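Below: the structure, in structure tokens.
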Amino acid sequence: MTSFRRNAEQRRKPWTFRRIAGRGLLYGVLLALVVVFVLPLGWGILAWLRDKNQGVVGPVIPSPIHWENYRFAWSGIFPFAHYLKNTIFLSIVYTVPVVLTSALAGYGFARHRAKGRNVLFMFVLATSLVPFVITFIPQFVIFAHVHLVNTYWPWLLWGLGGVPFLIFLFRQFYANFPSELHDAAAMDGCGNLRIFLRIYLPNSGGVLAAGSIIMFTWVWGDYIFPALLLYDQQTTLGPKIASGYVNPGGTFVFVPITIAGAMLFTVPVLLLFFAMQKKLARGIVTTGLKG
Amino acid sequence: MATAQDSVAAATVGSTRRRRASFRRRETLAFYGFISPWLLGFVLLSILPLVLGFAISLTNFNGFNLHTSLRFVGTANYARAFHDQLFWQSLQRTGTFVLIVVPATLAVQLGLAMLLNSRIKLQGVWRTLFYIPAVVPIVATAYIWKALTAQDGGLVNRVVGAVGGSSSTDWLVGHPTVTLLALMLWGTAGIGMLIFLAGLQSIPEELYEAARIDGASRFAVFREVTLPLLTPVIMFQLIWSLIRAAQVVAEPILLSPNTTAGLASSPPEPNQLFNVQALQTIFVYGDYGYGAAMIWIFVVVLLAVTAALYFSGRFWVYYGSEQYKND
């Protein structure tokens, strides 16, 4: 190893046998790992396409392929579209305020000095350490008392309260923001809120996108809160798919149907993720968690 | 003359001081203005519930007796927890679970991040592929893992059978914790990988080059450069994964063989982790007082462990020397 010429500028190394083998091994391992990570999803899709009476038994690639299982999952047991609408609505009701409030708070922590700032920021971080159940029980009692159970109001309230992770992300982002524009606007007599709305917010597309995707994906796929707070017609796809594919007798309908429903539930967030994945990675890797 | 000059000077000093004071007041106002939605939420959705939750743990509240038979029972709920064998069992289960899950998830996440950071082509594509499981809703994830580990025709049993093992293992009932662990490793890898990747990419390239010039082996570079500089990220990830793993609740419930009962579905015994039991004590059996006491004990234990972990950092976390900080 040491006998080779290896100076700092030398990026292009000769293709020795050793190097080819090393690269080959690296890509081999990567490929094997990708298979492990993507295969379960593929198995889920295959399970959707099986004969509905046979569970996951049968040849690996089912034949014939039962595409039509999705149709049964869509309207055969419960009206999928109705709960899809609920899910979309709830996700927006939560995501929009949570991103805005967190951006405001993150901006405040990054750009304005005041007594108590550091202590309050410690509180932001501390709340992310407190298990959700401990605050949820009394919240539930209060919500029940003021008749907010089985409504979407709790999500709006949680959204307006912001989320520690996002506040942290926005604070990191705004702390590294160049201050020339800010000073210029302040000279022109812009108020603080105007400065934020006109200068900071329009220039934080990447981190806004990353925050929105993370929150939207989370609330879309959430099971526990809708299961605790919503029921009947009001609930979302998470709890509905977990326990809704049942016969009148109360037993589960066929596995391929249930899986088809679960996949239909997954597709929208997967598409959203593929559309936005560059922004997501950039928002986290380059802005958020450094420094 | 002198007096006039003095008074002018005094006036200037006074006005700058006043201006500075008013600037500070405006700053304070702006700061509290911007954080006010969060602050209001913090008081109403965190502080108030914490106080109320503790109050509930001292009563016999059952969800319906607010105006009827509600009684202050002192520390009776806590005493009951100390004598409740189920309580200790589930606490122990969660402890063991956390001890396995946390190191395992961190190893997988760091391993993936290091592979992605090793000058490969199409880094973005690989990153996206590894992140996919993190996007899948938990309900779908649970169904997928049930299909994978199904006793009849599940992929795991097919593979194990093909290499000569038993092809009829009942993973969901017989080895539920293995399934749960696999599901967690699969589902949480993406986010941790991104965080480790950010950490790896912030290590200055000069350090690697210096090590290479000194002829350090790959393993030595990892041990002497990468690992020490990554310790702050490892600490962050340790705490985050610990808190997440200790609170796992949806995953074991959804992996129950039968989930038609929703939240009341009962996982096989090894998967009856602490939070599952506490949540069901409260929301299925309506035992709010006792459930709140259970959770409070749990929170104290969890925070103590977290604090111990955090303070252990002074022995192993590298907080950077001035030399590299200023570069």
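Please note that chains go A, B, ... in the order of the structure tokens, that every chain numbers its residues from 1, and that ligands are numbered from 1 in the order shown.
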
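Surrounding range 154-165 of chain B within 9 Å are Pro40, Trp43, Val56, Val57 and Val60 of chain A; Lys146, Ala147, Leu148, Thr149, Ala150, Gln151, Ser168, Thr169, Asp170 and Trp171 of chain B, with only C-alpha atoms counted and residues fewer than 3 positions along the same chain left out.
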
Export of the given selection (N, CA and C atoms) as an mmCIF file, in the first residue's frame:
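Final output, result37.cif:
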data_model
loop_
_atom_site.group_PDB
_atom_site.id
_atom_site.type_symbol
_atom_site.label_atom_id
_atom_site.label_comp_id
_atom_site.auth_asym_id
_atom_site.auth_seq_id
_atom_site.Cartn_x
_atom_site.Cartn_y
_atom_site.Cartn_z
ATOM 1 N N PRO A 40 -39.111 -6.511 -0.440
ATOM 2 C CA PRO A 40 -40.369 -6.624 0.318
ATOM 3 C C PRO A 40 -41.526 -5.912 -0.366
ATOM 4 N N TRP A 43 -42.604 -7.999 -3.217
ATOM 5 C CA TRP A 43 -43.372 -9.151 -2.726
ATOM 6 C C TRP A 43 -44.800 -8.724 -2.395
ATOM 7 N N VAL A 56 -50.701 -16.150 0.059
ATOM 8 C CA VAL A 56 -49.487 -15.897 -0.705
ATOM 9 C C VAL A 56 -48.908 -17.192 -1.260
ATOM 10 N N VAL A 57 -49.729 -18.267 -1.255
ATOM 11 C CA VAL A 57 -49.268 -19.557 -1.766
ATOM 12 C C VAL A 57 -49.294 -19.522 -3.294
ATOM 13 N N VAL A 60 -44.046 -18.064 -7.618
ATOM 14 C CA VAL A 60 -43.557 -16.742 -7.219
ATOM 15 C C VAL A 60 -44.234 -15.651 -8.034
ATOM 16 N N LYS B 146 -46.144 -9.177 6.922
ATOM 17 C CA LYS B 146 -46.953 -10.370 7.162
ATOM 18 C C LYS B 146 -46.925 -11.274 5.938
ATOM 19 N N ALA B 147 -46.966 -10.652 4.749
ATOM 20 C CA ALA B 147 -46.919 -11.449 3.523
ATOM 21 C C ALA B 147 -45.554 -12.104 3.360
ATOM 22 N N LEU B 148 -44.506 -11.411 3.828
ATOM 23 C CA LEU B 148 -43.154 -11.967 3.712
ATOM 24 C C LEU B 148 -42.958 -13.143 4.649
ATOM 25 N N THR B 149 -43.530 -13.021 5.859
ATOM 26 C CA THR B 149 -43.258 -14.028 6.877
ATOM 27 C C THR B 149 -44.401 -15.010 7.049
ATOM 28 N N ALA B 150 -45.367 -14.974 6.113
ATOM 29 C CA ALA B 150 -46.501 -15.891 6.213
ATOM 30 C C ALA B 150 -46.004 -17.333 6.300
ATOM 31 N N GLN B 151 -46.721 -18.120 7.115
ATOM 32 C CA GLN B 151 -46.275 -19.504 7.305
ATOM 33 C C GLN B 151 -46.376 -20.297 6.000
ATOM 34 N N SER B 168 -41.768 -24.193 7.119
ATOM 35 C CA SER B 168 -43.094 -24.009 7.709
ATOM 36 C C SER B 168 -43.018 -23.315 9.067
ATOM 37 N N THR B 169 -42.018 -22.428 9.230
ATOM 38 C CA THR B 169 -41.914 -21.694 10.486
ATOM 39 C C THR B 169 -43.042 -20.679 10.589
ATOM 40 N N ASP B 170 -43.650 -20.619 11.761
ATOM 41 C CA ASP B 170 -44.698 -19.626 11.970
ATOM 42 C C ASP B 170 -44.055 -18.375 12.580
ATOM 43 N N TRP B 171 -43.561 -17.493 11.719
ATOM 44 C CA TRP B 171 -42.813 -16.324 12.189
ATOM 45 C C TRP B 171 -43.676 -15.380 13.010
#

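Proximity to range 266-278 of chain A at 10 Å, evaluated using only C-alpha atoms and with sequence-adjacent residues fewer than 5 positions away removed, yields A:Gly206, A:Ala209, A:Ala210, A:Ile213, A:Ile214, A:Phe216, A:Thr217, A:Trp218, A:Trp220, A:Gly221, A:Ala260, A:Gly261, A:Gly283, B:Gly124, B:Val125, B:Arg127, B:Thr128, B:Leu129, B:Tyr131, B:Ile132, B:Pro133, B:Ala134, B:Val135, B:Val136, B:Pro137, B:Ile138, B:Val139, B:Ala140, B:Thr141.
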
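When only C-alpha atoms are used to compute distances to Phe196 in chain A, the closest of the residues A:His145, A:Arg117, A:His112, A:Lys52 turns out to be A:His112.
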
*Mind checking which residues fall within 9 Å of Asn176 in chain A, counting only C-alpha atoms, ignoring those fewer than 3 positions away in the same chain, and posting them as a ChimeraX atom specification?*
/A:110,171-173,179,287

May I have the selected residues written with N, CA and C atoms, as a PDB file, in the first residue's frame?
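Everything below was put into result.pdb:
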ATOM      1  N   ALA A 110     -33.567  31.834  14.964  1.00  0.00           N
ATOM      2  CA  ALA A 110     -32.315  32.061  14.243  1.00  0.00           C
ATOM      3  C   ALA A 110     -31.969  33.533  14.131  1.00  0.00           C
ATOM      4  N   ARG A 171     -34.417  26.554  11.799  1.00  0.00           N
ATOM      5  CA  ARG A 171     -33.476  27.415  12.510  1.00  0.00           C
ATOM      6  C   ARG A 171     -32.082  27.289  11.894  1.00  0.00           C
ATOM      7  N   GLN A 172     -31.676  26.025  11.620  1.00  0.00           N
ATOM      8  CA  GLN A 172     -30.370  25.821  10.996  1.00  0.00           C
ATOM      9  C   GLN A 172     -30.302  26.530   9.644  1.00  0.00           C
ATOM     10  N   PHE A 173     -31.383  26.419   8.906  1.00  0.00           N
ATOM     11  CA  PHE A 173     -31.407  27.001   7.564  1.00  0.00           C
ATOM     12  C   PHE A 173     -31.323  28.528   7.626  1.00  0.00           C
ATOM     13  N   SER A 179     -27.144  37.884   5.335  1.00  0.00           N
ATOM     14  CA  SER A 179     -27.939  38.916   6.006  1.00  0.00           C
ATOM     15  C   SER A 179     -28.017  40.219   5.218  1.00  0.00           C
ATOM     16  N   THR A 287     -28.729  21.442   3.994  1.00  0.00           N
ATOM     17  CA  THR A 287     -29.035  22.576   4.857  1.00  0.00           C
ATOM     18  C   THR A 287     -29.228  22.176   6.302  1.00  0.00           C
TER      19      THR A 287
END

*All residues 12 Å or closer to Leu49 in chain A, only C-alpha atoms, same chain fewer than 4 positions away omitted, as a ChimeraX atom specification*: /A:42-45,53-71,73,254-261,263

_Ranking B:Arg314, B:Arg19, B:Arg212, B:Arg223 by minimum distance to chain A and counting only C-alpha atoms, which one comes first?_
B:Arg212

_Can you pull out the residues contacting Asn271 in chain B? Cut-off 6 Å, using only C-alpha atoms, and skip same-chain residues under 4 positions away; I want them as a ChimeraX atom specification._
/B:177,252,267

Go ahead and save the picked residues with C-alpha atoms, as a tab-separated table (two decimals), in the first residue's frame.
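Output (again_20.tsv):
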chain	number	residue	atom	x	y	z
B	177	THR	CA	-40.00	-10.17	17.81
B	252	PRO	CA	-46.39	-4.56	17.28
B	267	PRO	CA	-49.93	-8.98	19.78

*Shortest interatomic distance to Tyr152 in chain A - which of A:Ile88, A:Leu201, A:Val36, A:Leu26, counting only C-alpha atoms*: A:Ile88

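Minimum atom-to-atom distance to Phe23 in chain B, evaluated using only C-alpha atoms, belongs to A:Arg113 out of A:Lys240, A:Arg50, A:His82, A:Arg113.
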
*So, counting only C-alpha atoms, which residue among A:Trp158, A:Phe168, A:Gly211, A:Asn150 is closest to Tyr231 in chain A?*
A:Asn150

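Between CA of Tyr223 in chain A and CA of Phe37 in chain A the interatomic distance comes to 22.4 Å.
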
*If you measure from CA of Thr105 in chain B to CA of Val133 in chain A, what distance in Å do you get, rounded to one decimal?*
23.2 Å
